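What follows is the content of query_18.cif, which has mmCIF, C-alpha atoms:
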data_model
loop_
_atom_site.label_atom_id
_atom_site.label_comp_id
_atom_site.auth_asym_id
_atom_site.auth_seq_id
_atom_site.Cartn_x
_atom_site.Cartn_y
_atom_site.Cartn_z
CA MET A 75 74.50 -80.23 64.66
CA SER A 76 76.60 -77.44 63.22
CA ALA A 77 76.53 -74.11 65.05
CA GLY A 78 74.24 -71.61 63.36
CA ALA A 79 72.68 -74.18 61.00
CA ALA A 80 69.40 -72.81 59.62
CA PRO A 81 66.41 -74.28 61.43
CA VAL A 82 63.67 -76.40 59.91
CA ASP A 83 60.22 -75.01 60.67
CA PHE A 84 57.89 -77.77 61.83
CA TYR A 85 54.26 -76.63 61.62
CA PHE A 86 51.60 -78.85 63.13
CA GLU A 87 48.04 -78.86 64.47
CA PHE A 88 47.37 -80.59 67.79
CA SER A 89 44.39 -82.47 66.33
CA SER A 90 46.42 -83.91 63.42
CA PRO A 91 47.42 -87.61 63.57
CA TYR A 92 50.19 -87.08 61.02
CA GLY A 93 51.40 -84.07 62.99
CA TYR A 94 51.52 -86.27 66.09
CA ILE A 95 53.51 -88.96 64.29
CA ALA A 96 55.90 -86.29 62.99
CA SER A 97 56.32 -84.92 66.52
CA ARG A 98 57.65 -88.32 67.61
CA ILE A 99 60.33 -88.53 64.92
CA VAL A 100 61.20 -84.94 64.00
CA ASP A 101 63.83 -84.38 66.70
CA ASP A 102 65.80 -87.43 65.56
CA PHE A 103 65.34 -86.15 62.03
CA GLY A 104 66.83 -82.78 62.99
CA LYS A 105 69.82 -84.44 64.62
CA ARG A 106 70.36 -86.64 61.59
CA VAL A 107 70.43 -83.72 59.14
CA GLY A 108 72.20 -81.34 61.52
CA ARG A 109 69.42 -78.78 61.78
CA PRO A 110 67.56 -77.38 64.77
CA VAL A 111 63.79 -77.84 64.55
CA ASN A 112 61.37 -74.99 65.33
CA TRP A 113 58.11 -76.39 66.65
CA ARG A 114 55.30 -74.14 65.42
CA PRO A 115 51.77 -75.31 66.23
CA MET A 116 48.98 -73.74 64.20
CA LEU A 117 45.28 -74.32 63.54
CA LEU A 118 43.81 -76.04 60.51
CA GLY A 119 40.32 -74.57 61.04
CA PRO A 120 41.18 -71.18 59.51
CA VAL A 121 43.05 -72.96 56.70
CA PHE A 122 40.02 -75.07 55.86
CA LYS A 123 37.98 -71.86 55.63
CA LEU A 124 40.49 -70.40 53.18
CA THR A 125 40.84 -73.53 51.08
CA GLY A 126 37.19 -74.53 51.18
CA GLN A 127 38.21 -77.98 52.37
CA PRO A 128 36.45 -80.05 55.02
CA PRO A 129 38.51 -81.95 57.59
CA LEU A 130 40.23 -84.93 55.92
CA ILE A 131 38.14 -87.44 57.80
CA GLU A 132 34.90 -86.01 56.39
CA ILE A 133 35.87 -86.40 52.73
CA PRO A 134 34.17 -89.44 51.18
CA MET A 135 36.58 -92.28 50.29
CA LYS A 136 39.63 -90.26 51.36
CA GLY A 137 38.30 -90.11 54.92
CA GLU A 138 38.02 -93.90 55.18
CA TYR A 139 41.50 -94.35 53.74
CA SER A 140 42.94 -91.76 56.09
CA LYS A 141 41.50 -93.36 59.20
CA MET A 142 43.14 -96.64 58.19
CA ASP A 143 46.35 -94.84 57.26
CA PHE A 144 46.68 -92.96 60.57
CA SER A 145 47.14 -96.25 62.43
CA ARG A 146 49.21 -97.82 59.69
CA SER A 147 51.60 -94.86 59.53
CA ALA A 148 51.93 -94.92 63.31
CA ARG A 149 52.81 -98.62 63.17
CA LEU A 150 55.38 -97.95 60.45
CA HIS A 151 57.08 -95.38 62.65
CA LYS A 152 56.59 -97.48 65.81
CA VAL A 153 54.56 -94.76 67.47
CA PRO A 154 51.73 -95.71 69.87
CA TYR A 155 48.39 -94.69 68.39
CA LYS A 156 44.78 -95.03 69.48
CA HIS A 157 42.37 -93.20 67.22
CA PRO A 158 40.51 -90.75 69.48
CA ASP A 159 36.79 -91.26 70.05
CA LYS A 160 36.22 -87.55 69.53
CA PHE A 161 38.03 -86.47 66.37
CA PRO A 162 38.90 -83.89 65.21
CA ILE A 163 38.73 -81.52 68.16
CA GLY A 164 39.31 -77.80 68.68
CA THR A 165 42.87 -77.16 69.81
CA VAL A 166 42.99 -73.42 70.39
CA ALA A 167 43.66 -73.88 74.12
CA ALA A 168 46.62 -76.17 73.41
CA LEU A 169 47.89 -73.68 70.83
CA ARG A 170 47.69 -70.72 73.20
CA ALA A 171 49.29 -72.73 76.00
CA PHE A 172 52.18 -73.72 73.76
CA TYR A 173 53.13 -70.17 72.82
CA TRP A 174 52.65 -68.86 76.35
CA ILE A 175 54.97 -71.57 77.67
CA HIS A 176 57.33 -71.07 74.74
CA ASP A 177 57.84 -67.40 75.55
CA ARG A 178 58.99 -68.45 79.02
CA ASP A 179 60.79 -71.75 78.35
CA PRO A 180 61.08 -73.12 74.79
CA VAL A 181 62.31 -76.52 75.98
CA GLN A 182 59.35 -76.89 78.32
CA ALA A 183 56.99 -75.85 75.51
CA ARG A 184 58.22 -78.74 73.41
CA GLU A 185 57.76 -81.13 76.34
CA ALA A 186 54.27 -79.76 76.84
CA ALA A 187 53.46 -80.32 73.17
CA LYS A 188 54.63 -83.92 73.43
CA ALA A 189 52.54 -84.46 76.56
CA LEU A 190 49.45 -82.97 74.90
CA TYR A 191 49.89 -85.10 71.79
CA ALA A 192 50.45 -88.27 73.85
CA ALA A 193 47.36 -87.53 75.93
CA TYR A 194 45.19 -87.17 72.84
CA PHE A 195 46.56 -89.81 70.48
CA ALA A 196 47.97 -92.44 72.82
CA GLU A 197 45.94 -92.12 76.04
CA GLY A 198 42.53 -91.27 74.58
CA ARG A 199 42.09 -88.01 76.51
CA ASP A 200 40.19 -85.07 75.05
CA ILE A 201 42.58 -82.10 75.11
CA SER A 202 40.17 -79.46 73.78
CA ALA A 203 39.21 -77.85 77.11
CA PRO A 204 41.54 -75.34 78.78
CA ALA A 205 41.27 -77.32 82.03
CA ALA A 206 42.56 -80.45 80.30
CA VAL A 207 45.48 -78.53 78.80
CA VAL A 208 46.35 -77.11 82.21
CA GLU A 209 46.17 -80.52 83.86
CA ILE A 210 48.28 -82.28 81.21
CA THR A 211 51.00 -79.62 81.02
CA LYS A 212 51.44 -79.74 84.80
CA SER A 213 53.15 -83.09 84.20
CA VAL A 214 56.06 -81.30 82.54
CA GLY A 215 56.31 -78.66 85.26
CA VAL A 216 54.08 -75.89 83.96
CA ASP A 217 52.54 -73.64 86.63
CA GLY A 218 48.89 -74.59 86.28
CA ALA A 219 47.35 -71.54 87.94
CA ALA A 220 49.45 -69.15 85.88
CA LEU A 221 48.63 -70.99 82.65
CA ALA A 222 44.91 -71.10 83.47
CA ALA A 223 44.96 -67.34 83.91
CA ALA A 224 47.04 -66.83 80.75
CA LEU A 225 44.55 -68.78 78.65
CA GLU A 226 41.99 -66.05 79.41
CA ASP A 227 44.38 -63.21 78.59
CA PRO A 228 43.56 -61.34 75.33
CA ALA A 229 47.28 -60.71 74.76
CA VAL A 230 47.97 -64.45 74.89
CA LYS A 231 45.11 -65.11 72.49
CA GLU A 232 46.46 -62.46 70.13
CA ARG A 233 49.97 -63.91 70.37
CA ALA A 234 48.69 -67.33 69.27
CA LYS A 235 46.55 -65.84 66.51
CA ARG A 236 49.59 -64.09 65.06
CA GLU A 237 51.33 -67.47 64.79
CA VAL A 238 48.40 -68.95 62.89
CA ASP A 239 48.37 -65.95 60.56
CA ALA A 240 52.13 -66.31 60.06
CA ALA A 241 51.78 -69.99 59.23
CA ILE A 242 49.10 -69.25 56.65
CA ALA A 243 51.23 -66.42 55.22
CA ALA A 244 54.05 -68.96 54.89
CA GLY A 245 51.74 -71.16 52.80
CA VAL A 246 51.03 -73.79 55.42
CA PHE A 247 47.81 -75.61 54.47
CA GLY A 248 48.22 -78.96 56.22
CA SER A 249 49.84 -80.77 59.13
CA PRO A 250 52.62 -81.53 59.45
CA PHE A 251 54.25 -79.00 57.16
CA PHE A 252 57.97 -78.33 57.05
CA VAL A 253 59.89 -75.39 55.63
CA ALA A 254 63.67 -75.58 55.21
CA ASP A 255 65.65 -72.82 53.52
CA GLY A 256 62.37 -71.49 52.11
CA GLU A 257 61.40 -74.85 50.60
CA PRO A 258 58.01 -76.26 51.73
CA PHE A 259 57.29 -79.94 52.35
CA TRP A 260 53.81 -81.17 53.28
CA GLY A 261 53.26 -84.41 55.15
CA VAL A 262 55.11 -86.74 57.47
CA ASP A 263 55.68 -89.01 54.48
CA ARG A 264 57.77 -86.28 52.90
CA LEU A 265 60.48 -86.33 55.58
CA PRO A 266 62.68 -88.62 53.44
CA MET A 267 62.37 -86.13 50.56
CA LEU A 268 63.22 -83.22 52.88
CA GLU A 269 66.19 -85.17 54.21
CA ASP A 270 67.49 -85.71 50.69
CA TRP A 271 66.88 -82.03 49.90
CA ILE A 272 68.90 -80.88 52.89
CA ARG A 273 71.74 -83.35 52.35
CA THR A 274 72.13 -82.60 48.66
CA GLY A 275 71.30 -78.89 48.73
CA GLY A 276 68.19 -79.48 46.61
CA TRP A 277 67.74 -80.83 43.13
CA MET B 283 59.88 -112.11 39.75
CA SER B 284 58.49 -115.30 41.26
CA ALA B 285 55.97 -117.22 39.19
CA GLY B 286 52.44 -116.54 40.27
CA ALA B 287 53.34 -113.61 42.54
CA ALA B 288 50.22 -111.55 43.24
CA PRO B 289 50.12 -108.40 41.11
CA VAL B 290 50.17 -104.84 42.35
CA ASP B 291 47.29 -102.82 40.92
CA PHE B 292 48.52 -99.46 39.66
CA TYR B 293 45.61 -97.07 39.18
CA PHE B 294 46.24 -93.76 37.44
CA GLU B 295 44.56 -90.93 35.56
CA PHE B 296 46.18 -89.70 32.33
CA SER B 297 45.91 -86.07 33.45
CA SER B 298 47.72 -86.70 36.76
CA PRO B 299 51.33 -85.50 37.09
CA TYR B 300 51.98 -87.84 40.01
CA GLY B 301 50.45 -90.69 38.00
CA TYR B 302 52.83 -89.84 35.17
CA ILE B 303 55.83 -89.85 37.49
CA ALA B 304 54.69 -93.20 38.92
CA SER B 305 54.36 -94.61 35.40
CA ARG B 306 58.05 -93.93 34.84
CA ILE B 307 59.22 -95.78 37.92
CA VAL B 308 56.59 -98.42 38.65
CA ASP B 309 57.96 -101.16 36.38
CA ASP B 310 61.36 -100.98 38.09
CA PHE B 311 59.49 -101.00 41.38
CA GLY B 312 57.65 -104.18 40.38
CA LYS B 313 60.89 -105.90 39.40
CA ARG B 314 62.51 -104.86 42.66
CA VAL B 315 59.74 -106.31 44.82
CA GLY B 316 59.10 -109.30 42.57
CA ARG B 317 55.53 -108.46 41.65
CA PRO B 318 53.85 -107.94 38.28
CA VAL B 319 52.16 -104.54 37.94
CA ASN B 320 48.64 -104.18 36.52
CA TRP B 321 48.27 -100.81 34.83
CA ARG B 322 44.70 -99.63 35.39
CA PRO B 323 43.90 -96.13 34.11
CA MET B 324 40.78 -94.50 35.54
CA LEU B 325 39.17 -91.07 35.65
CA LEU B 326 39.33 -88.64 38.53
CA GLY B 327 36.32 -86.60 37.33
CA PRO B 328 33.72 -89.07 38.68
CA VAL B 329 35.76 -89.38 41.89
CA PHE B 330 35.73 -85.62 42.42
CA LYS B 331 31.94 -85.70 42.03
CA LEU B 332 31.70 -88.38 44.73
CA THR B 333 34.14 -86.75 47.11
CA GLY B 334 33.01 -83.17 46.50
CA GLN B 335 36.62 -82.20 45.81
CA PRO B 336 37.82 -79.84 43.09
CA PRO B 337 40.91 -80.74 41.06
CA LEU B 338 44.02 -80.35 43.24
CA ILE B 339 45.30 -77.39 41.29
CA GLU B 340 42.15 -75.39 42.01
CA ILE B 341 42.39 -75.64 45.80
CA PRO B 342 43.76 -72.40 47.31
CA MET B 343 47.26 -72.78 48.82
CA LYS B 344 47.39 -76.51 48.09
CA GLY B 345 47.12 -75.79 44.36
CA GLU B 346 50.16 -73.49 44.38
CA TYR B 347 52.15 -75.98 46.38
CA SER B 348 51.16 -78.82 44.10
CA LYS B 349 52.23 -77.03 40.94
CA MET B 350 55.65 -76.47 42.48
CA ASP B 351 55.74 -80.04 43.76
CA PHE B 352 54.90 -81.66 40.40
CA SER B 353 58.17 -80.36 38.92
CA ARG B 354 60.13 -80.98 42.09
CA SER B 355 58.94 -84.58 42.38
CA ALA B 356 59.77 -85.14 38.71
CA ARG B 357 63.30 -83.82 39.30
CA LEU B 358 63.67 -86.08 42.34
CA HIS B 359 62.81 -89.12 40.23
CA LYS B 360 64.79 -87.83 37.23
CA VAL B 361 61.71 -87.80 35.03
CA PRO B 362 61.38 -85.15 32.29
CA TYR B 363 58.50 -82.80 33.12
CA LYS B 364 57.03 -79.73 31.51
CA HIS B 365 53.84 -78.53 33.18
CA PRO B 366 51.18 -78.54 30.43
CA ASP B 367 49.70 -75.22 29.33
CA LYS B 368 46.25 -76.78 29.44
CA PHE B 369 45.80 -78.59 32.73
CA PRO B 370 43.94 -80.62 33.79
CA ILE B 371 42.36 -82.08 30.65
CA GLY B 372 39.68 -84.66 29.93
CA THR B 373 41.23 -88.05 29.33
CA VAL B 374 38.30 -90.28 28.47
CA ALA B 375 39.64 -90.89 24.93
CA ALA B 376 43.01 -92.01 26.32
CA LEU B 377 41.20 -94.23 28.83
CA ARG B 378 39.03 -95.91 26.20
CA ALA B 379 42.00 -96.35 23.89
CA PHE B 380 44.01 -98.00 26.65
CA TYR B 381 41.44 -100.68 27.42
CA TRP B 382 40.64 -101.32 23.76
CA ILE B 383 44.36 -101.86 23.06
CA HIS B 384 44.74 -103.83 26.29
CA ASP B 385 42.09 -106.36 25.25
CA ARG B 386 44.14 -107.03 22.11
CA ASP B 387 47.72 -106.64 23.36
CA PRO B 388 48.45 -105.81 27.03
CA VAL B 389 52.11 -105.06 26.34
CA GLN B 390 51.22 -102.61 23.60
CA ALA B 391 48.64 -100.97 25.89
CA ARG B 392 51.36 -100.21 28.41
CA GLU B 393 53.57 -98.78 25.67
CA ALA B 394 50.62 -96.68 24.48
CA ALA B 395 50.07 -95.36 28.01
CA LYS B 396 53.72 -94.37 28.25
CA ALA B 397 53.55 -92.62 24.88
CA LEU B 398 50.40 -90.73 25.89
CA TYR B 399 51.91 -89.66 29.21
CA ALA B 400 55.16 -88.55 27.54
CA ALA B 401 53.23 -86.58 24.93
CA TYR B 402 51.28 -84.70 27.58
CA PHE B 403 53.82 -84.19 30.35
CA ALA B 404 57.13 -84.08 28.50
CA GLU B 405 56.29 -82.87 25.00
CA GLY B 406 53.53 -80.39 25.79
CA ARG B 407 50.89 -82.01 23.57
CA ASP B 408 47.20 -81.91 24.42
CA ILE B 409 46.02 -85.55 24.49
CA SER B 410 42.35 -84.89 25.20
CA ALA B 411 41.02 -85.28 21.62
CA PRO B 412 40.46 -88.75 20.14
CA ALA B 413 42.48 -87.71 17.06
CA ALA B 414 45.48 -86.90 19.26
CA VAL B 415 45.21 -90.25 21.04
CA VAL B 416 45.04 -92.07 17.70
CA GLU B 417 48.03 -90.17 16.33
CA ILE B 418 50.20 -90.72 19.43
CA THR B 419 49.45 -94.41 19.83
CA LYS B 420 50.37 -95.06 16.19
CA SER B 421 53.96 -94.56 17.36
CA VAL B 422 53.77 -97.82 19.30
CA GLY B 423 52.16 -99.72 16.45
CA VAL B 424 48.46 -99.29 17.13
CA ASP B 425 46.18 -99.49 14.07
CA GLY B 426 44.95 -95.90 13.90
CA ALA B 427 41.88 -96.48 11.75
CA ALA B 428 40.70 -99.36 13.92
CA LEU B 429 41.26 -97.37 17.10
CA ALA B 430 39.48 -94.30 15.71
CA ALA B 431 36.45 -96.47 14.96
CA ALA B 432 36.66 -98.19 18.36
CA LEU B 433 36.60 -94.85 20.18
CA GLU B 434 33.09 -94.32 18.80
CA ASP B 435 31.90 -97.79 19.75
CA PRO B 436 29.39 -97.86 22.65
CA ALA B 437 30.77 -101.23 23.76
CA VAL B 438 34.26 -99.76 24.07
CA LYS B 439 32.88 -96.81 26.03
CA GLU B 440 31.04 -99.19 28.33
CA ARG B 441 34.16 -101.33 28.80
CA ALA B 442 36.13 -98.27 29.95
CA LYS B 443 33.32 -97.08 32.20
CA ARG B 444 33.26 -100.45 33.95
CA GLU B 445 36.95 -99.99 34.78
CA VAL B 446 36.30 -96.58 36.32
CA ASP B 447 33.42 -98.01 38.33
CA ALA B 448 35.65 -100.88 39.47
CA ALA B 449 38.38 -98.46 40.56
CA ILE B 450 35.90 -96.44 42.59
CA ALA B 451 34.48 -99.63 44.08
CA ALA B 452 38.04 -100.55 45.09
CA GLY B 453 38.28 -97.24 46.97
CA VAL B 454 40.51 -95.41 44.50
CA PHE B 455 40.14 -91.66 45.07
CA GLY B 456 43.42 -90.30 43.71
CA SER B 457 46.24 -90.89 41.27
CA PRO B 458 48.44 -92.80 41.47
CA PHE B 459 46.84 -95.35 43.74
CA PHE B 460 48.25 -98.80 44.41
CA VAL B 461 46.62 -101.90 45.85
CA ALA B 462 48.73 -104.88 46.89
CA ASP B 463 47.23 -107.90 48.63
CA GLY B 464 44.15 -105.80 49.37
CA GLU B 465 46.16 -103.00 51.00
CA PRO B 466 45.71 -99.50 49.47
CA PHE B 467 48.48 -96.92 49.06
CA TRP B 468 47.77 -93.46 47.68
CA GLY B 469 50.46 -91.36 46.04
CA VAL B 470 53.75 -91.81 44.25
CA ASP B 471 55.47 -90.76 47.49
CA ARG B 472 54.07 -93.88 49.14
CA LEU B 473 55.98 -96.32 46.95
CA PRO B 474 58.72 -96.71 49.60
CA MET B 475 56.03 -97.57 52.17
CA LEU B 476 54.45 -100.07 49.77
CA GLU B 477 57.87 -101.58 49.12
CA ASP B 478 58.45 -102.05 52.83
CA TRP B 479 54.95 -103.51 53.19
CA ILE B 480 55.56 -106.09 50.47
CA ARG B 481 59.05 -107.01 51.67
CA THR B 482 58.03 -107.45 55.31
CA GLY B 483 54.52 -108.79 54.77
CA GLY B 484 53.01 -105.72 56.43
CA TRP B 485 53.29 -104.29 59.91
#
Entire entry expressed as structure tokens:
Amino acid sequence: MSAGAAPVDFYFEFSSPYGYIASRIVDDFGKRVGRPVNWRPMLLGPVFKLTGQPPLIEIPMKGEYSKMDFSRSARLHKVPYKHPDKFPIGTVAALRAFYWIHDRDPVQAREAAKALYAAYFAEGRDISAPAAVVEITKSVGVDGAALAAALEDPAVKERAKREVDAAIAAGVFGSPFFVADGEPFWGVDRLPMLEDWIRTGGW
Amino acid sequence: MSAGAAPVDFYFEFSSPYGYIASRIVDDFGKRVGRPVNWRPMLLGPVFKLTGQPPLIEIPMKGEYSKMDFSRSARLHKVPYKHPDKFPIGTVAALRAFYWIHDRDPVQAREAAKALYAAYFAEGRDISAPAAVVEITKSVGVDGAALAAALEDPAVKERAKREVDAAIAAGVFGSPFFVADGEPFWGVDRLPMLEDWIRTGGW
């Protein structure tokens, strides 16, 4: 990719199937369009409060369709997917862990995010508890004892909260959500549109 | 297209920008994949009652994004678009007119639908009143006096209502919504996915 190319912001929630699918294809996407990708986990809970929306899965008709479409979209993108028994889940521990790791090692943070997503959506593990997050991120080399302590640290909690606030301020209301050169794109199914936008300079 | 190829059901609501955009590209889509397309207008109002959802435009954050995305998606598909001053509108008159025309001349019904969509989304005309629907469909050869009378006919109202009920029974909760070989696809941005599904036989 070209030096100094403007990054694409990739917002996602750890409990989002479409965010998970995006996480498996977004790095190749970035390489293809010559842009670095900023991984920016956030929480949909506060968004749903602002928008008055229930979780997708709870909406009549749309919820049924979505459950079918999670698996179908995963098959389309050749991503392993096993719909979790417990869904959706709270992901504040995963969120806090991500930014704590990120401030120390951005590459490791991305690996940790991939491990957390795989645990939840491919291996059927509940990643809501801090202990689960600590255990799973050990597999990518994170210091478990230090992370466990960090997850109780008010400064770490505040750091993560600021990211959620920033995402909402940027207009992020779903997952995944991409912003490139100030232009927002919602949904993994909009990556082709974003690709065309970047290649052509917009239309 | 091959003789006897199973049709793709194309559900849409006359007040839906994405339905309008789909209406401008769906016939080419059908030719490309070798399937006839059944145009099936419906109403989102009864769906919103069932799903507890407000119209898209009224949802905080998502509404702002959508308004921007209507125009952007139209530009992507090279479809003329002028966001209507009054939006959304009631489209029961357009719905009833469509099915009344359809029962007499399916080709003319499709032309009438295109004229109604163009009037609302390209020419800035309010198509909610029966008189407007009668006036606009005259341009494609519909007998205005006969249609005006039909729009008051309880049997015509019932005919249209049955179509809305059938759409809901088929799981249609948005516009546009496509069903091919029993497989549902929601959104104009899912046409590439539907195309791949038809070409490959599903995945």
One-decimal distance in Å that lies between atom CA of Val208 of chain A and atom CA of Phe84 of chain A =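 Rounded to one decimal, the two atoms are 23.4 Å apart.
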Shell around His384 of chain B at 12 Å using all atoms listed in the file, local window under 2 positions removed, as a list of chain:residue names =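 Those residues are B:Asn320, B:Trp321, B:Arg322, B:Pro323, B:Ala376, B:Leu377, B:Arg378, B:Ala379, B:Phe380, B:Tyr381, B:Trp382, B:Arg386, B:Asp387, B:Pro388, B:Val389, B:Gln390, B:Ala391, B:Arg392, B:Glu393, B:Ala394, B:Ala395, B:Val424, B:Leu429, B:Val438, B:Arg441, B:Ala442.
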Give me, as a ChimeraX atom specification, the contact residues of chain B against chain A at a cut-off of 10 Å, counting all atoms listed in the file.
-> /B:329-330,332-336,340-348,350-351,354-355,357-358,360,450-456,466-468,471-472,474-475,478-479,484-485
Output for the residues just chosen: C-alpha atoms as a PDB file, in the frame of the given file:
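Contents of the output file result25.pdb:
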ATOM      1  CA  VAL B 329      35.760 -89.380  41.890  1.00  0.00           C
ATOM      2  CA  PHE B 330      35.730 -85.620  42.420  1.00  0.00           C
ATOM      3  CA  LEU B 332      31.700 -88.380  44.730  1.00  0.00           C
ATOM      4  CA  THR B 333      34.140 -86.750  47.110  1.00  0.00           C
ATOM      5  CA  GLY B 334      33.010 -83.170  46.500  1.00  0.00           C
ATOM      6  CA  GLN B 335      36.620 -82.200  45.810  1.00  0.00           C
ATOM      7  CA  PRO B 336      37.820 -79.840  43.090  1.00  0.00           C
ATOM      8  CA  GLU B 340      42.150 -75.390  42.010  1.00  0.00           C
ATOM      9  CA  ILE B 341      42.390 -75.640  45.800  1.00  0.00           C
ATOM     10  CA  PRO B 342      43.760 -72.400  47.310  1.00  0.00           C
ATOM     11  CA  MET B 343      47.260 -72.780  48.820  1.00  0.00           C
ATOM     12  CA  LYS B 344      47.390 -76.510  48.090  1.00  0.00           C
ATOM     13  CA  GLY B 345      47.120 -75.790  44.360  1.00  0.00           C
ATOM     14  CA  GLU B 346      50.160 -73.490  44.380  1.00  0.00           C
ATOM     15  CA  TYR B 347      52.150 -75.980  46.380  1.00  0.00           C
ATOM     16  CA  SER B 348      51.160 -78.820  44.100  1.00  0.00           C
ATOM     17  CA  MET B 350      55.650 -76.470  42.480  1.00  0.00           C
ATOM     18  CA  ASP B 351      55.740 -80.040  43.760  1.00  0.00           C
ATOM     19  CA  ARG B 354      60.130 -80.980  42.090  1.00  0.00           C
ATOM     20  CA  SER B 355      58.940 -84.580  42.380  1.00  0.00           C
ATOM     21  CA  ARG B 357      63.300 -83.820  39.300  1.00  0.00           C
ATOM     22  CA  LEU B 358      63.670 -86.080  42.340  1.00  0.00           C
ATOM     23  CA  LYS B 360      64.790 -87.830  37.230  1.00  0.00           C
ATOM     24  CA  ILE B 450      35.900 -96.440  42.590  1.00  0.00           C
ATOM     25  CA  ALA B 451      34.480 -99.630  44.080  1.00  0.00           C
ATOM     26  CA  ALA B 452      38.040-100.550  45.090  1.00  0.00           C
ATOM     27  CA  GLY B 453      38.280 -97.240  46.970  1.00  0.00           C
ATOM     28  CA  VAL B 454      40.510 -95.410  44.500  1.00  0.00           C
ATOM     29  CA  PHE B 455      40.140 -91.660  45.070  1.00  0.00           C
ATOM     30  CA  GLY B 456      43.420 -90.300  43.710  1.00  0.00           C
ATOM     31  CA  PRO B 466      45.710 -99.500  49.470  1.00  0.00           C
ATOM     32  CA  PHE B 467      48.480 -96.920  49.060  1.00  0.00           C
ATOM     33  CA  TRP B 468      47.770 -93.460  47.680  1.00  0.00           C
ATOM     34  CA  ASP B 471      55.470 -90.760  47.490  1.00  0.00           C
ATOM     35  CA  ARG B 472      54.070 -93.880  49.140  1.00  0.00           C
ATOM     36  CA  PRO B 474      58.720 -96.710  49.600  1.00  0.00           C
ATOM     37  CA  MET B 475      56.030 -97.570  52.170  1.00  0.00           C
ATOM     38  CA  ASP B 478      58.450-102.050  52.830  1.00  0.00           C
ATOM     39  CA  TRP B 479      54.950-103.510  53.190  1.00  0.00           C
ATOM     40  CA  GLY B 484      53.010-105.720  56.430  1.00  0.00           C
ATOM     41  CA  TRP B 485      53.290-104.290  59.910  1.00  0.00           C
TER      42      TRP B 485
END
Output of the PyMOL selection byres ((chain B and resi 307) around 12), listed as a list of chain:residue names = B:Phe292, B:Tyr300, B:Gly301, B:Tyr302, B:Ile303, B:Ala304, B:Ser305, B:Arg306, B:Val308, B:Asp309, B:Asp310, B:Phe311, B:Gly312, B:Lys313, B:Arg314, B:Val319, B:Ala356, B:Leu358, B:His359, B:Lys360, B:Val361, B:Lys396, B:Pro458, B:Val470, B:Asp471, B:Leu473, B:Pro474
Excluding segment 287-290 of chain B and any residue of its chain fewer than 2 positions from it, enumerate the residues within 7 Å of it, using only C-alpha atoms, and give them as a PyMOL selection string.
-> chain B and resi 284-285+292+317-320+460-462
Please determine the residues with any atom at most 7 Å from (33.9, -89.2, 31.5) (coordinates as given in the file, with only C-alpha atoms counting) and report them as a CSV table (one decimal) with C-alpha atoms, in the coordinates of the input.
chain,number,residue,atom,x,y,z
B,325,LEU,CA,39.2,-91.1,35.6
B,327,GLY,CA,36.3,-86.6,37.3
B,374,VAL,CA,38.3,-90.3,28.5
Find the distance between atom CA of Gly261 of chain A and atom CA of Leu130 of chain A and write it in Å to one decimal.
->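 Straight-line distance from atom CA of Gly261 of chain A to atom CA of Leu130 of chain A works out to 13.1 Å.
Of the residues listed (A:Ile201, A:Ile163, A:Ala223, A:Ala241), A:Ile201 shows the shortest atom-to-atom separation from Ala189 of chain A; distances use all atoms listed in the file.
In this model, the gap between atom CA of Asp425 of chain B and atom CA of Glu405 of chain B comes to 22.3 Å.
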